[in-house]
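One file, protein.txt, carrying compact mmCIF, C-alpha atoms:
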```
# COMPACT_ATOMS: atom_id res chain seq x y z
CA MET A 1 -38.54 -13.43 86.93
CA GLY A 2 -38.47 -13.18 90.74
CA LEU A 3 -38.64 -9.93 92.67
CA THR A 4 -35.50 -8.27 93.94
CA GLN A 5 -35.08 -7.51 97.64
CA ARG A 6 -35.62 -3.85 96.80
CA ASP A 7 -38.92 -4.67 95.10
CA LEU A 8 -40.02 -6.83 98.04
CA GLN A 9 -39.24 -4.08 100.52
CA HIS A 10 -41.22 -1.65 98.35
CA VAL A 11 -44.23 -3.98 98.16
CA PHE A 12 -44.50 -4.57 101.90
CA GLU A 13 -43.79 -0.96 102.86
CA ARG A 14 -46.59 0.24 100.59
CA LEU A 15 -48.99 -2.39 101.92
CA ARG A 16 -48.21 -1.33 105.50
CA SER A 17 -49.45 2.12 104.53
CA GLY A 18 -52.59 0.84 102.85
CA VAL A 19 -51.36 1.89 99.40
CA VAL A 20 -51.11 -0.13 96.18
CA PRO A 21 -47.41 -0.79 95.35
CA GLU A 22 -46.06 0.59 92.10
CA ARG A 23 -44.14 -2.55 91.19
CA GLY A 24 -43.99 -6.23 92.12
CA LEU A 25 -47.77 -6.64 91.86
CA GLU A 26 -47.61 -9.53 89.42
CA ALA A 27 -46.10 -11.71 92.15
CA PHE A 28 -49.32 -11.77 94.18
CA ALA A 29 -51.99 -11.08 91.55
CA VAL A 30 -54.83 -13.58 91.89
CA GLY A 31 -57.98 -14.18 89.84
CA ILE A 32 -57.43 -11.55 87.14
CA ASP A 33 -55.88 -13.56 84.32
CA PRO A 34 -58.77 -12.89 81.87
CA GLN A 35 -58.58 -9.16 82.56
CA ARG A 36 -54.81 -9.16 82.10
CA ALA A 37 -55.30 -10.95 78.77
CA GLU A 38 -57.64 -8.17 77.66
CA ILE A 39 -55.04 -5.55 78.57
CA GLN A 40 -52.52 -7.51 76.50
CA ARG A 41 -54.92 -7.40 73.55
CA LEU A 42 -55.18 -3.61 73.87
CA LEU A 43 -51.41 -3.23 74.14
CA SER A 44 -51.06 -5.28 70.98
CA LEU A 45 -53.49 -2.96 69.19
CA ALA A 46 -51.58 0.09 70.38
CA ARG A 47 -48.30 -1.45 69.25
CA GLN A 48 -49.84 -1.90 65.79
CA GLY A 49 -50.68 1.81 65.66
CA GLU A 50 -54.24 1.89 66.96
CA GLY A 51 -55.46 4.55 69.38
CA VAL A 52 -57.65 2.84 71.99
CA PHE A 53 -59.25 3.34 75.41
CA LYS A 54 -60.58 1.19 78.25
CA PHE A 55 -62.61 1.85 81.40
CA LEU A 56 -62.03 -0.40 84.42
CA ARG A 57 -65.27 -0.73 86.36
CA GLY A 58 -65.63 -1.94 89.93
CA GLY A 59 -66.76 -1.05 93.42
CA TYR A 60 -64.49 0.02 96.25
CA GLY A 61 -61.95 -2.71 97.01
CA CYS A 62 -62.31 -4.54 93.68
CA GLY A 63 -58.72 -3.83 92.72
CA LYS A 64 -59.13 -1.12 90.07
CA THR A 65 -55.91 0.67 91.01
CA PHE A 66 -54.15 -2.70 91.34
CA MET A 67 -55.29 -3.70 87.84
CA ALA A 68 -54.29 -0.31 86.42
CA ARG A 69 -50.83 -0.59 88.02
CA ILE A 70 -50.45 -4.10 86.59
CA ALA A 71 -51.35 -2.71 83.16
CA ALA A 72 -48.68 -0.01 83.47
CA ILE A 73 -46.05 -2.51 84.64
CA GLU A 74 -46.78 -4.90 81.78
CA ALA A 75 -46.82 -2.03 79.29
CA GLN A 76 -43.35 -0.92 80.37
CA ALA A 77 -42.11 -4.51 80.17
CA GLN A 78 -43.25 -4.51 76.53
CA GLY A 79 -41.47 -1.29 75.65
CA PHE A 80 -44.19 1.30 76.24
CA ALA A 81 -43.81 4.56 78.10
CA THR A 82 -46.52 5.10 80.70
CA SER A 83 -48.12 7.83 82.80
CA PHE A 84 -50.18 7.12 85.92
CA VAL A 85 -52.39 10.05 86.95
CA VAL A 86 -54.77 10.09 89.93
CA VAL A 87 -57.78 12.40 89.59
CA SER A 88 -57.84 14.97 92.37
CA ASP A 89 -60.39 17.66 93.13
CA ASN A 90 -57.52 19.82 94.39
CA ASP A 91 -54.93 19.89 91.60
CA LEU A 92 -56.55 18.22 88.59
CA HIS A 93 -59.75 19.48 87.02
CA PHE A 94 -60.27 17.07 84.20
CA HIS A 95 -61.88 19.54 81.83
CA ARG A 96 -58.74 21.68 82.01
CA PHE A 97 -56.64 19.90 79.43
CA ASP A 98 -53.60 21.98 80.35
CA GLU A 99 -53.76 20.56 83.88
CA LEU A 100 -54.27 17.06 82.53
CA TYR A 101 -51.38 17.48 80.08
CA ARG A 102 -49.06 18.76 82.81
CA ARG A 103 -49.85 15.83 85.09
CA VAL A 104 -49.49 13.29 82.27
CA VAL A 105 -46.06 14.60 81.28
CA GLN A 106 -44.91 14.97 84.90
CA GLU A 107 -45.76 11.30 85.51
CA LEU A 108 -44.14 10.00 82.31
CA ALA A 109 -42.26 6.81 83.13
CA THR A 110 -40.32 4.05 81.40
CA ALA A 111 -38.81 0.79 82.55
CA SER A 112 -35.57 2.65 83.33
CA CYS A 113 -36.99 5.95 84.64
CA PRO A 114 -39.87 5.74 87.15
CA ARG A 115 -41.04 9.36 86.90
CA GLY A 116 -40.33 12.57 85.01
CA ALA A 117 -38.95 10.65 82.03
CA LEU A 118 -39.43 13.32 79.35
CA GLY A 119 -35.76 14.36 79.43
CA ASP A 120 -34.57 10.76 79.13
CA ILE A 121 -36.99 10.13 76.28
CA VAL A 122 -35.81 13.22 74.36
CA ASP A 123 -32.15 12.23 74.89
CA ARG A 124 -32.89 8.75 73.60
CA TRP A 125 -34.59 10.19 70.53
CA ILE A 126 -31.62 12.49 69.81
CA ALA A 127 -29.23 9.54 70.14
CA ARG A 128 -31.31 7.50 67.67
CA VAL A 129 -31.27 10.39 65.16
CA GLU A 130 -27.50 10.74 65.49
CA GLU A 131 -26.99 6.98 65.07
CA ALA A 132 -29.20 6.94 61.97
CA LEU A 133 -27.25 9.77 60.37
CA VAL A 134 -23.91 8.10 61.12
CA ALA A 135 -25.23 4.81 59.75
CA GLY A 136 -26.18 6.70 56.59
CA GLY A 137 -22.64 7.94 56.13
CA ALA A 138 -22.64 11.26 58.00
CA ASP A 139 -19.46 12.32 59.78
CA GLU A 140 -20.31 13.11 63.41
CA SER A 141 -17.16 15.26 63.68
CA ALA A 142 -18.19 17.46 60.77
CA PRO A 143 -19.00 21.13 61.59
CA ASP A 144 -22.55 20.77 60.22
CA PHE A 145 -23.40 17.52 61.98
CA ASP A 146 -25.44 19.17 64.77
CA ALA A 147 -27.38 21.18 62.19
CA ARG A 148 -28.18 17.98 60.33
CA VAL A 149 -29.38 16.37 63.55
CA ALA A 150 -31.66 19.32 64.30
CA LYS A 151 -33.02 19.25 60.75
CA ARG A 152 -33.69 15.50 60.90
CA MET A 153 -35.51 15.93 64.25
CA GLU A 154 -37.83 18.50 62.71
CA GLU A 155 -38.38 16.31 59.64
CA ASP A 156 -39.20 13.29 61.80
CA LEU A 157 -41.77 15.25 63.80
CA ALA A 158 -43.31 16.80 60.71
CA SER A 159 -43.64 13.39 59.08
CA ALA A 160 -45.11 11.74 62.16
CA MET A 161 -47.50 14.53 63.12
CA LYS A 162 -48.60 15.66 59.65
CA ASP A 163 -48.84 19.32 60.71
CA GLN A 164 -51.08 18.45 63.67
CA ALA A 165 -48.69 19.74 66.33
CA PRO A 166 -48.22 23.38 67.30
CA GLU A 167 -45.30 25.08 65.58
CA ASP A 168 -43.82 25.89 69.00
CA PHE A 169 -43.46 22.20 69.84
CA ALA A 170 -40.81 21.34 67.24
CA ARG A 171 -39.05 24.66 67.69
CA VAL A 172 -38.67 24.16 71.45
CA LEU A 173 -37.19 20.69 70.92
CA ARG A 174 -34.73 22.01 68.36
CA VAL A 175 -33.58 24.73 70.77
CA VAL A 176 -33.33 22.18 73.61
CA PHE A 177 -30.96 20.15 71.42
CA GLU A 178 -28.89 23.21 70.50
CA LEU A 179 -28.62 24.26 74.15
CA LYS A 180 -27.53 20.77 75.17
CA GLN A 181 -24.83 20.81 72.50
CA ALA A 182 -23.68 24.21 73.79
CA ARG A 183 -23.47 22.76 77.32
CA ARG A 184 -26.21 25.13 78.50
CA VAL A 185 -27.90 22.35 80.42
CA ALA A 186 -29.86 24.48 82.89
CA GLU A 187 -31.57 26.42 80.10
CA ALA A 188 -32.28 23.23 78.14
CA SER A 189 -33.85 21.69 81.25
CA ALA A 190 -35.96 24.81 81.83
CA LEU A 191 -37.29 24.65 78.25
CA LEU A 192 -38.13 20.97 78.71
CA ALA A 193 -40.00 21.95 81.87
CA TRP A 194 -41.98 24.48 79.80
CA LEU A 195 -42.75 21.74 77.29
CA ALA A 196 -43.96 19.61 80.19
CA GLY A 197 -46.47 22.30 81.12
CA SER A 198 -44.60 24.14 83.85
CA GLN A 199 -45.88 27.63 84.60
CA ASN A 200 -42.68 28.67 86.35
CA VAL A 201 -40.23 29.12 83.47
CA ALA A 202 -38.57 32.52 83.25
CA ALA A 203 -39.38 34.74 80.27
CA PRO A 204 -35.72 35.02 79.11
CA VAL A 205 -35.53 31.23 78.78
CA LYS A 206 -38.79 31.05 76.83
CA LYS A 207 -37.52 33.83 74.58
CA LEU A 208 -34.66 31.55 73.48
CA ALA A 209 -37.23 29.37 71.72
CA GLY A 210 -39.55 32.19 70.73
CA VAL A 211 -42.44 31.10 72.97
CA LYS A 212 -44.64 33.10 75.30
CA GLY A 213 -46.98 32.15 78.10
CA GLU A 214 -47.70 28.49 78.84
CA VAL A 215 -49.28 25.46 77.19
CA THR A 216 -52.99 26.34 77.29
CA SER A 217 -56.03 24.11 77.55
CA HIS A 218 -56.97 24.74 73.92
CA VAL A 219 -53.69 23.35 72.55
CA ALA A 220 -52.79 20.84 75.28
CA LEU A 221 -54.10 17.79 73.41
CA ASP A 222 -52.10 18.85 70.35
CA TYR A 223 -48.99 19.02 72.53
CA LEU A 224 -49.86 15.58 73.86
CA ARG A 225 -49.86 14.35 70.27
CA GLY A 226 -46.34 15.74 69.98
CA ILE A 227 -45.23 13.96 73.16
CA LEU A 228 -46.63 10.71 71.76
CA CYS A 229 -44.65 11.18 68.55
CA VAL A 230 -41.43 11.83 70.47
CA VAL A 231 -42.03 8.75 72.61
CA LYS A 232 -42.38 6.58 69.51
CA ALA A 233 -39.46 8.28 67.74
CA ALA A 234 -37.33 7.41 70.78
CA GLY A 235 -38.01 3.74 70.10
CA TYR A 236 -40.86 3.04 72.51
CA ALA A 237 -43.82 0.98 71.35
CA GLY A 238 -46.31 3.66 72.33
CA LEU A 239 -47.77 5.37 75.37
CA VAL A 240 -50.20 4.15 78.04
CA ILE A 241 -51.99 6.81 80.14
CA VAL A 242 -53.85 5.69 83.26
CA ILE A 243 -56.46 8.00 84.78
CA ASP A 244 -57.17 6.52 88.21
CA GLU A 245 -60.14 7.25 90.49
CA ALA A 246 -62.29 9.02 87.91
CA GLU A 247 -65.17 8.73 90.40
CA THR A 248 -63.57 11.71 92.18
CA ILE A 249 -65.43 13.78 89.55
CA LEU A 250 -68.68 12.88 91.35
CA ARG A 251 -67.60 15.01 94.33
CA MET A 252 -66.94 18.12 92.25
CA ARG A 253 -69.36 20.97 91.56
CA GLN A 254 -72.15 20.30 89.08
CA ASP A 255 -70.70 22.56 86.37
CA VAL A 256 -67.21 21.07 86.80
CA ARG A 257 -68.63 17.54 86.62
CA GLY A 258 -70.35 18.32 83.33
CA LYS A 259 -67.22 19.85 81.81
CA SER A 260 -65.04 16.97 83.03
CA LEU A 261 -67.36 14.35 81.53
CA ASN A 262 -67.37 16.30 78.25
CA GLY A 263 -63.56 16.25 78.43
CA ILE A 264 -63.59 12.45 78.70
CA ARG A 265 -66.05 12.30 75.81
CA GLN A 266 -63.70 14.41 73.69
CA ILE A 267 -60.75 12.14 74.52
CA CYS A 268 -62.76 9.07 73.49
CA ASP A 269 -63.85 10.78 70.27
CA LEU A 270 -60.23 11.64 69.41
CA ALA A 271 -58.66 8.38 70.60
CA SER A 272 -58.30 6.82 67.15
CA SER A 273 -56.30 9.84 65.93
CA TYR A 274 -53.53 9.17 68.47
CA PRO A 275 -51.87 6.04 67.03
CA GLY A 276 -50.07 4.02 69.68
CA LEU A 277 -51.85 5.60 72.67
CA LEU A 278 -53.90 3.55 75.14
CA TRP A 279 -56.03 5.41 77.69
CA ILE A 280 -57.14 3.47 80.80
CA PHE A 281 -59.70 5.02 83.16
CA THR A 282 -60.85 3.53 86.47
CA GLY A 283 -64.20 4.26 88.09
CA THR A 284 -66.98 2.91 90.28
CA PRO A 285 -70.46 1.80 89.15
CA ASP A 286 -71.88 5.05 90.56
CA PHE A 287 -69.54 6.98 88.30
CA PHE A 288 -70.67 5.09 85.22
CA ASP A 289 -74.34 4.36 85.92
CA THR A 290 -75.82 7.40 87.68
CA LYS A 291 -77.07 10.63 86.12
CA ARG A 292 -74.57 12.44 88.32
CA GLY A 293 -71.83 10.63 86.39
CA VAL A 294 -71.40 9.23 82.89
CA ALA A 295 -75.09 8.35 82.47
CA GLY A 296 -75.86 12.07 82.70
CA LEU A 297 -73.99 12.77 79.45
CA GLU A 298 -75.80 10.73 76.83
CA PRO A 299 -73.17 10.75 74.04
CA LEU A 300 -70.50 9.43 76.45
CA HIS A 301 -72.87 7.00 78.14
CA GLY A 302 -74.05 5.61 74.81
CA ARG A 303 -70.48 5.09 73.65
CA ILE A 304 -69.10 3.30 76.71
CA LYS A 305 -72.23 1.80 78.31
CA PHE A 306 -71.66 -1.48 80.15
CA THR A 307 -73.85 -4.40 79.08
CA SER A 308 -74.29 -7.89 80.49
CA TYR A 309 -76.46 -10.91 79.82
CA GLU A 310 -78.60 -13.05 82.05
CA GLY A 311 -76.64 -14.21 85.06
CA GLY A 312 -74.23 -11.28 84.80
CA THR A 313 -72.11 -12.67 81.95
CA ALA A 314 -70.31 -9.84 80.16
CA SER A 315 -67.65 -9.43 77.51
CA LEU A 316 -64.28 -8.10 78.61
CA ARG A 317 -63.79 -6.46 75.22
CA GLN A 318 -66.53 -3.87 75.59
CA PRO A 319 -65.43 -0.34 76.59
CA GLN A 320 -66.00 -1.03 80.28
CA MET A 321 -64.24 -4.05 81.77
CA ARG A 322 -65.81 -5.22 85.01
CA LEU A 323 -63.62 -6.22 87.95
CA LYS A 324 -65.35 -8.54 90.37
CA PRO A 325 -65.19 -8.09 94.17
CA PHE A 326 -62.87 -10.20 96.28
CA ASP A 327 -64.25 -13.21 98.10
CA ARG A 328 -62.74 -15.09 101.06
CA ALA A 329 -61.00 -17.69 98.91
CA ARG A 330 -59.32 -15.07 96.74
CA LEU A 331 -58.24 -12.99 99.74
CA LYS A 332 -56.78 -16.09 101.35
CA GLU A 333 -54.85 -16.98 98.19
CA VAL A 334 -53.39 -13.46 98.06
CA ALA A 335 -52.43 -13.73 101.73
CA LEU A 336 -50.61 -17.03 101.22
CA LYS A 337 -48.71 -15.59 98.26
CA LEU A 338 -47.62 -12.60 100.34
CA ARG A 339 -46.61 -14.85 103.21
CA GLY A 340 -44.36 -16.69 100.76
CA LEU A 341 -42.87 -13.41 99.52
CA TYR A 342 -42.26 -11.84 102.94
CA PRO A 343 -38.54 -10.93 103.15
CA HIS A 344 -37.47 -13.02 106.15
CA GLY A 345 -34.89 -15.77 106.46
CA GLU A 346 -36.85 -18.02 108.87
CA ARG A 347 -39.41 -19.16 106.33
CA LEU A 348 -40.56 -22.25 108.25
CA GLN A 349 -41.11 -20.25 111.44
CA LEU A 350 -43.25 -17.72 109.59
CA GLU A 351 -45.31 -20.35 107.81
CA SER A 352 -45.84 -22.40 110.96
CA ARG A 353 -47.31 -19.40 112.80
CA ALA A 354 -49.16 -17.57 110.03
CA LYS A 355 -51.11 -20.71 109.16
CA PRO A 356 -54.15 -20.75 106.86
CA GLU A 357 -56.50 -20.95 109.84
CA VAL A 358 -54.93 -17.80 111.31
CA ILE A 359 -55.45 -16.05 107.99
CA ASP A 360 -59.09 -17.20 108.03
CA ARG A 361 -59.53 -15.56 111.43
CA LEU A 362 -57.93 -12.38 110.12
CA ILE A 363 -60.37 -12.26 107.21
CA GLU A 364 -63.30 -12.72 109.58
CA ARG A 365 -62.07 -10.01 111.94
CA VAL A 366 -61.47 -7.41 109.23
CA SER A 367 -64.69 -8.10 107.31
CA ALA A 368 -66.72 -7.93 110.55
CA GLY A 369 -65.85 -4.22 110.66
CA PHE A 370 -67.53 -3.81 107.27
CA ALA A 371 -70.76 -5.68 107.99
CA GLY A 372 -69.21 -8.91 106.74
CA ASP A 373 -68.70 -7.54 103.22
CA VAL A 374 -65.42 -9.12 102.12
CA GLY A 375 -65.51 -7.26 98.82
CA VAL A 376 -64.64 -3.89 100.38
CA VAL A 377 -61.92 -4.97 102.83
CA PRO A 378 -58.78 -5.79 100.77
CA ARG A 379 -56.91 -2.60 101.70
CA GLN A 380 -57.53 -3.04 105.42
CA PHE A 381 -56.98 -6.79 105.24
CA LEU A 382 -53.58 -6.48 103.57
CA ARG A 383 -52.48 -3.88 106.12
CA GLN A 384 -53.50 -6.22 108.94
CA LEU A 385 -51.83 -9.20 107.27
CA VAL A 386 -48.50 -7.40 106.93
CA ASP A 387 -48.82 -6.20 110.53
CA LEU A 388 -49.33 -9.81 111.65
CA LEU A 389 -46.31 -11.03 109.65
CA ASP A 390 -44.19 -8.19 111.06
CA THR A 391 -45.25 -9.05 114.60
CA ILE A 392 -44.42 -12.73 114.18
CA VAL A 393 -40.95 -11.92 112.81
CA GLU A 394 -40.15 -9.30 115.44
CA ASN A 395 -41.37 -11.38 118.41
CA PRO A 396 -40.05 -14.97 118.38
CA GLU A 397 -42.25 -15.85 121.38
CA PHE A 398 -45.43 -14.72 119.61
CA ASP A 399 -47.38 -17.66 118.19
CA PRO A 400 -51.00 -16.96 117.23
CA THR A 401 -51.60 -20.68 116.59
CA ALA A 402 -50.87 -21.55 120.23
CA ASP A 403 -53.82 -19.54 121.54
CA PRO A 404 -57.26 -20.74 120.39
CA ALA A 405 -58.69 -17.41 121.54
CA PHE A 406 -56.22 -15.39 119.43
CA ALA A 407 -57.88 -12.46 117.71
CA PRO A 408 -56.09 -10.19 115.23
CA ALA A 409 -55.46 -6.58 116.18
CA PRO A 410 -58.37 -4.16 115.74
CA VAL A 411 -58.96 -2.81 112.25
CA LYS A 412 -56.91 0.31 111.56
CA GLU A 413 -58.74 3.61 111.16
CA PRO A 414 -60.97 3.38 108.05
CA ASN A 415 -60.68 6.13 105.46
CA GLU A 416 -63.59 8.38 104.52
CA THR A 417 -64.79 6.14 101.70
CA GLU A 418 -64.74 3.06 103.95
CA LEU A 419 -66.68 4.90 106.65
CA ARG A 420 -69.34 5.89 104.11
CA LEU A 421 -69.61 2.28 102.95
CA VAL A 422 -70.05 1.07 106.54
CA ASP A 423 -72.86 3.61 106.99
CA GLY A 424 -74.51 2.54 103.72
CA LYS A 425 -73.92 5.93 102.10
CA LYS A 426 -72.94 6.76 98.53
CA GLU A 427 -69.43 8.01 97.83
CA TYR A 428 -70.82 11.53 97.34
CA ASP A 429 -73.47 13.72 98.95
CA PRO A 430 -76.61 13.73 96.76
CA GLU A 431 -77.83 17.04 95.33
CA PRO A 432 -81.27 18.10 94.00
CA ASP A 433 -80.00 18.36 90.40
CA ASP A 434 -78.38 14.91 90.27
CA GLU A 435 -80.98 13.57 87.82
CA ARG A 436 -80.78 16.54 85.47
CA GLY A 437 -77.81 15.38 83.45
CA TYR A 438 -75.36 17.56 81.52
CA PRO A 439 -75.38 19.44 78.20
CA VAL A 440 -73.05 18.38 75.42
CA LEU A 441 -70.30 20.98 75.11
CA ALA A 442 -68.18 21.79 72.10
CA PRO A 443 -64.40 21.63 72.71
CA VAL A 444 -64.11 25.42 72.85
CA GLU A 445 -66.76 25.49 75.63
CA ILE A 446 -64.89 22.96 77.77
```
Is it possible to give me this structure as structure tokens?
Amino acid sequence: MGLTQRDLQHVFERLRSGVVPERGLEAFAVGIDPQRAEIQRLLSLARQGEGVFKFLRGGYGCGKTFMARIAAIEAQAQGFATSFVVVSDNDLHFHRFDELYRRVVQELATASCPRGALGDIVDRWIARVEEALVAGGADESAPDFDARVAKRMEEDLASAMKDQAPEDFARVLRVVFELKQARRVAEASALLAWLAGSQNVAAPVKKLAGVKGEVTSHVALDYLRGILCVVKAAGYAGLVIVIDEAETILRMRQDVRGKSLNGIRQICDLASSYPGLLWIFTGTPDFFDTKRGVAGLEPLHGRIKFTSYEGGTASLRQPQMRLKPFDRARLKEVALKLRGLYPHGERLQLESRAKPEVIDRLIERVSAGFAGDVGVVPRQFLRQLVDLLDTIVENPEFDPTADPAFAPAPVKEPNETELRLVDGKKEYDPEPDDERGYPVLAPVEI
């Protein structure tokens, strides 16, 4: 299916900003068919009720975020709900499961709701319960119909979760339903916000459902189990959670790094007990292979260690899936696809001026700013490519093919990571204790 004009505008606007688009990626994906097939295998397992995880491994510019976005898009197309969370050292400390839970639920998305989809998912679940009761002979106009709906909701959750969810979880959902039926929408929305991890819900609203405080770190994963059950009860195939840029953990304090890695270990240990949930993490080789990262926590390292054979051959089905760097041929193929997608009526004019040889020059110019390393330039290259296409369209007299001395515009300001790569530095500042590793922590210690 082709992209809509809205999708095309989104793709090119995001690329102008040096950011991976959230949709439309499949139209210019190149060289990742085997990796996409592996994601399809994992989605199939999740659909069958397995709880699974995957780590996407690659250096800067390899397309980890791109691949993770593709996975989320394809998951939604197959009926999954998704959540795309970017690790941040400012507002997400990975060992704080309450913070992780809040971000996951805030970013819940479906094919019809791009963000904050919990309310839509709950409404869909309620509608399915009502339809099932009516199909079974219940009279939806009967005075006790709402009570029967609330009872069936609690029974469905109890059956699916087998007493593994906090008692508050089902009670809050029942009260949300009752408030909706009473047309008290604001209070119902506030309780849903509490269920999503909000810390700003007024005490009188929480009192309606008999809850106090907030969802804490110690129970957050149990609440996540409840969210997963509601997602599936609403008719979705399962849930896919993407944790992008896990290498950000490397820049955190030593104690926070250790707790965060133990948090990831706990998630992997519990993965099989969350049927229908696929976790996808992205990270760099430094994150996985150094003692400052995963290699410093032996139980996690031993479980997800990347292995390869002579010549670099490696299975895609192992816990870490390697993404290979871009080369010139692959960058050029992406560029030609984007040229063909560019939303402009004068297609022949664009193609006659943004010729393959012009794209070759653009690749040379951008990679020269990174010591000729094509593998780290995709973000900058795509920004420059879109800038070139924009310039051609906006200036009919501009023809880069007419001037043999034409040189693309200077590379836009590199970000901090790109500057460190140019200088041959690691993505973090080394510390004396980097080789010490981390103790294994029990869940209560995390």
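The residue set within 12 Å of Glu397 in chain A, counting only C-alpha atoms and dropping same-chain residues fewer than 5 places from it, reads Gln349, Leu350, Arg353, Thr391, Ile392 and Ala402 of chain A.
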For the atom pair CA of Glu357 in chain A and CA of Ser17 in chain A, what is the interatomic distance in Å to one decimal place? 24.7 Å
Determine, counting all atoms listed in the file, which protein, DNA and RNA residues have an atom within 12 Å of an atom of Glu130 in chain A; residues of the same chain fewer than 5 positions away are not included. Present the result as a list in words. Asp123, Arg124, Trp125, Ala135, Gly136, Gly137, Ala138, Asp139, Glu140, Ser141, Phe145, Asp146, Ala147, Arg148, Val149, Ala150, Lys151, Arg152, Met153, Phe177 and Ala234 of chain A
Polymer residues at most 9 Å from range 198-215 of chain A, only C-alpha atoms, same-chain spacing of 6 or more positions, as an MDAnalysis selection string: chainID A and resid 98 101:102 168 171:176 187:188 190:192 223
Please identify all polymer residues within 7 Å of Arg292 in chain A, counting all atoms listed in the file, omitting same-chain residues fewer than 5 positions from it, and present them as an MDAnalysis selection string. chainID A and resid 250 434:435 437
Just the selected residues (C-alpha atoms), exported as a compact mmCIF listing (two decimals), in the frame of the given file, please.
```txt
# COMPACT_ATOMS: atom_id res chain seq x y z
CA LEU A 250 -68.68 12.88 91.35
CA ASP A 434 -78.38 14.91 90.27
CA GLU A 435 -80.98 13.57 87.82
CA GLY A 437 -77.81 15.38 83.45
```
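With distances taken over all atoms listed in the file, A:Arg128 is the one residue among A:Ala27, A:Arg128, A:Asn90, A:Ser367 lying closest to Gly235 in chain A.
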Long-range neighbours of range 280-282 of chain A as a VMD selection string, 10 Å cut-off, all atoms listed in the file, 6 positions minimum in chain: chain A and resid 39 52 to 58 63 to 65 67 to 68 71 to 72 84 to 87 240 to 247 264 320 to 321
Could you write those residues out with C-alpha atoms, as an mmCIF file, in the frame of the given file?
```
data_model
loop_
_atom_site.group_PDB
_atom_site.id
_atom_site.type_symbol
_atom_site.label_atom_id
_atom_site.label_comp_id
_atom_site.auth_asym_id
_atom_site.auth_seq_id
_atom_site.Cartn_x
_atom_site.Cartn_y
_atom_site.Cartn_z
ATOM 1 C CA ILE A 39 -55.040 -5.550 78.570
ATOM 2 C CA VAL A 52 -57.650 2.840 71.990
ATOM 3 C CA PHE A 53 -59.250 3.340 75.410
ATOM 4 C CA LYS A 54 -60.580 1.190 78.250
ATOM 5 C CA PHE A 55 -62.610 1.850 81.400
ATOM 6 C CA LEU A 56 -62.030 -0.400 84.420
ATOM 7 C CA ARG A 57 -65.270 -0.730 86.360
ATOM 8 C CA GLY A 58 -65.630 -1.940 89.930
ATOM 9 C CA GLY A 63 -58.720 -3.830 92.720
ATOM 10 C CA LYS A 64 -59.130 -1.120 90.070
ATOM 11 C CA THR A 65 -55.910 0.670 91.010
ATOM 12 C CA MET A 67 -55.290 -3.700 87.840
ATOM 13 C CA ALA A 68 -54.290 -0.310 86.420
ATOM 14 C CA ALA A 71 -51.350 -2.710 83.160
ATOM 15 C CA ALA A 72 -48.680 -0.010 83.470
ATOM 16 C CA PHE A 84 -50.180 7.120 85.920
ATOM 17 C CA VAL A 85 -52.390 10.050 86.950
ATOM 18 C CA VAL A 86 -54.770 10.090 89.930
ATOM 19 C CA VAL A 87 -57.780 12.400 89.590
ATOM 20 C CA VAL A 240 -50.200 4.150 78.040
ATOM 21 C CA ILE A 241 -51.990 6.810 80.140
ATOM 22 C CA VAL A 242 -53.850 5.690 83.260
ATOM 23 C CA ILE A 243 -56.460 8.000 84.780
ATOM 24 C CA ASP A 244 -57.170 6.520 88.210
ATOM 25 C CA GLU A 245 -60.140 7.250 90.490
ATOM 26 C CA ALA A 246 -62.290 9.020 87.910
ATOM 27 C CA GLU A 247 -65.170 8.730 90.400
ATOM 28 C CA ILE A 264 -63.590 12.450 78.700
ATOM 29 C CA GLN A 320 -66.000 -1.030 80.280
ATOM 30 C CA MET A 321 -64.240 -4.050 81.770
#
```
Using all atoms listed in the file, give me every residue within 6 Å of (-46.9, 0.8, 67.9) in file coordinates, as a list in words. Ala46, Arg47, Gln48, Gly49, Ala237, Gly238 and Gly276 of chain A
Smallest atom-to-atom distance to Arg383 in chain A: which of A:Arg16, A:Arg347, A:Arg184, A:Arg257, using all atoms listed in the file?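 With all atoms listed in the file as the atom set, the closest residue is A:Arg16.
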Residues around (-70.5, 10.6, 85.0), cut-off 8 Å, counting only C-alpha atoms - what are they as a list in words?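 The answer, in the requested form, is Glu247, Ile249, Leu250, Arg257, Gly258, Leu261, Asp286, Phe287, Phe288, Asp289, Thr290, Lys291, Arg292, Gly293, Val294, Ala295, Gly296 and Leu297 of chain A.
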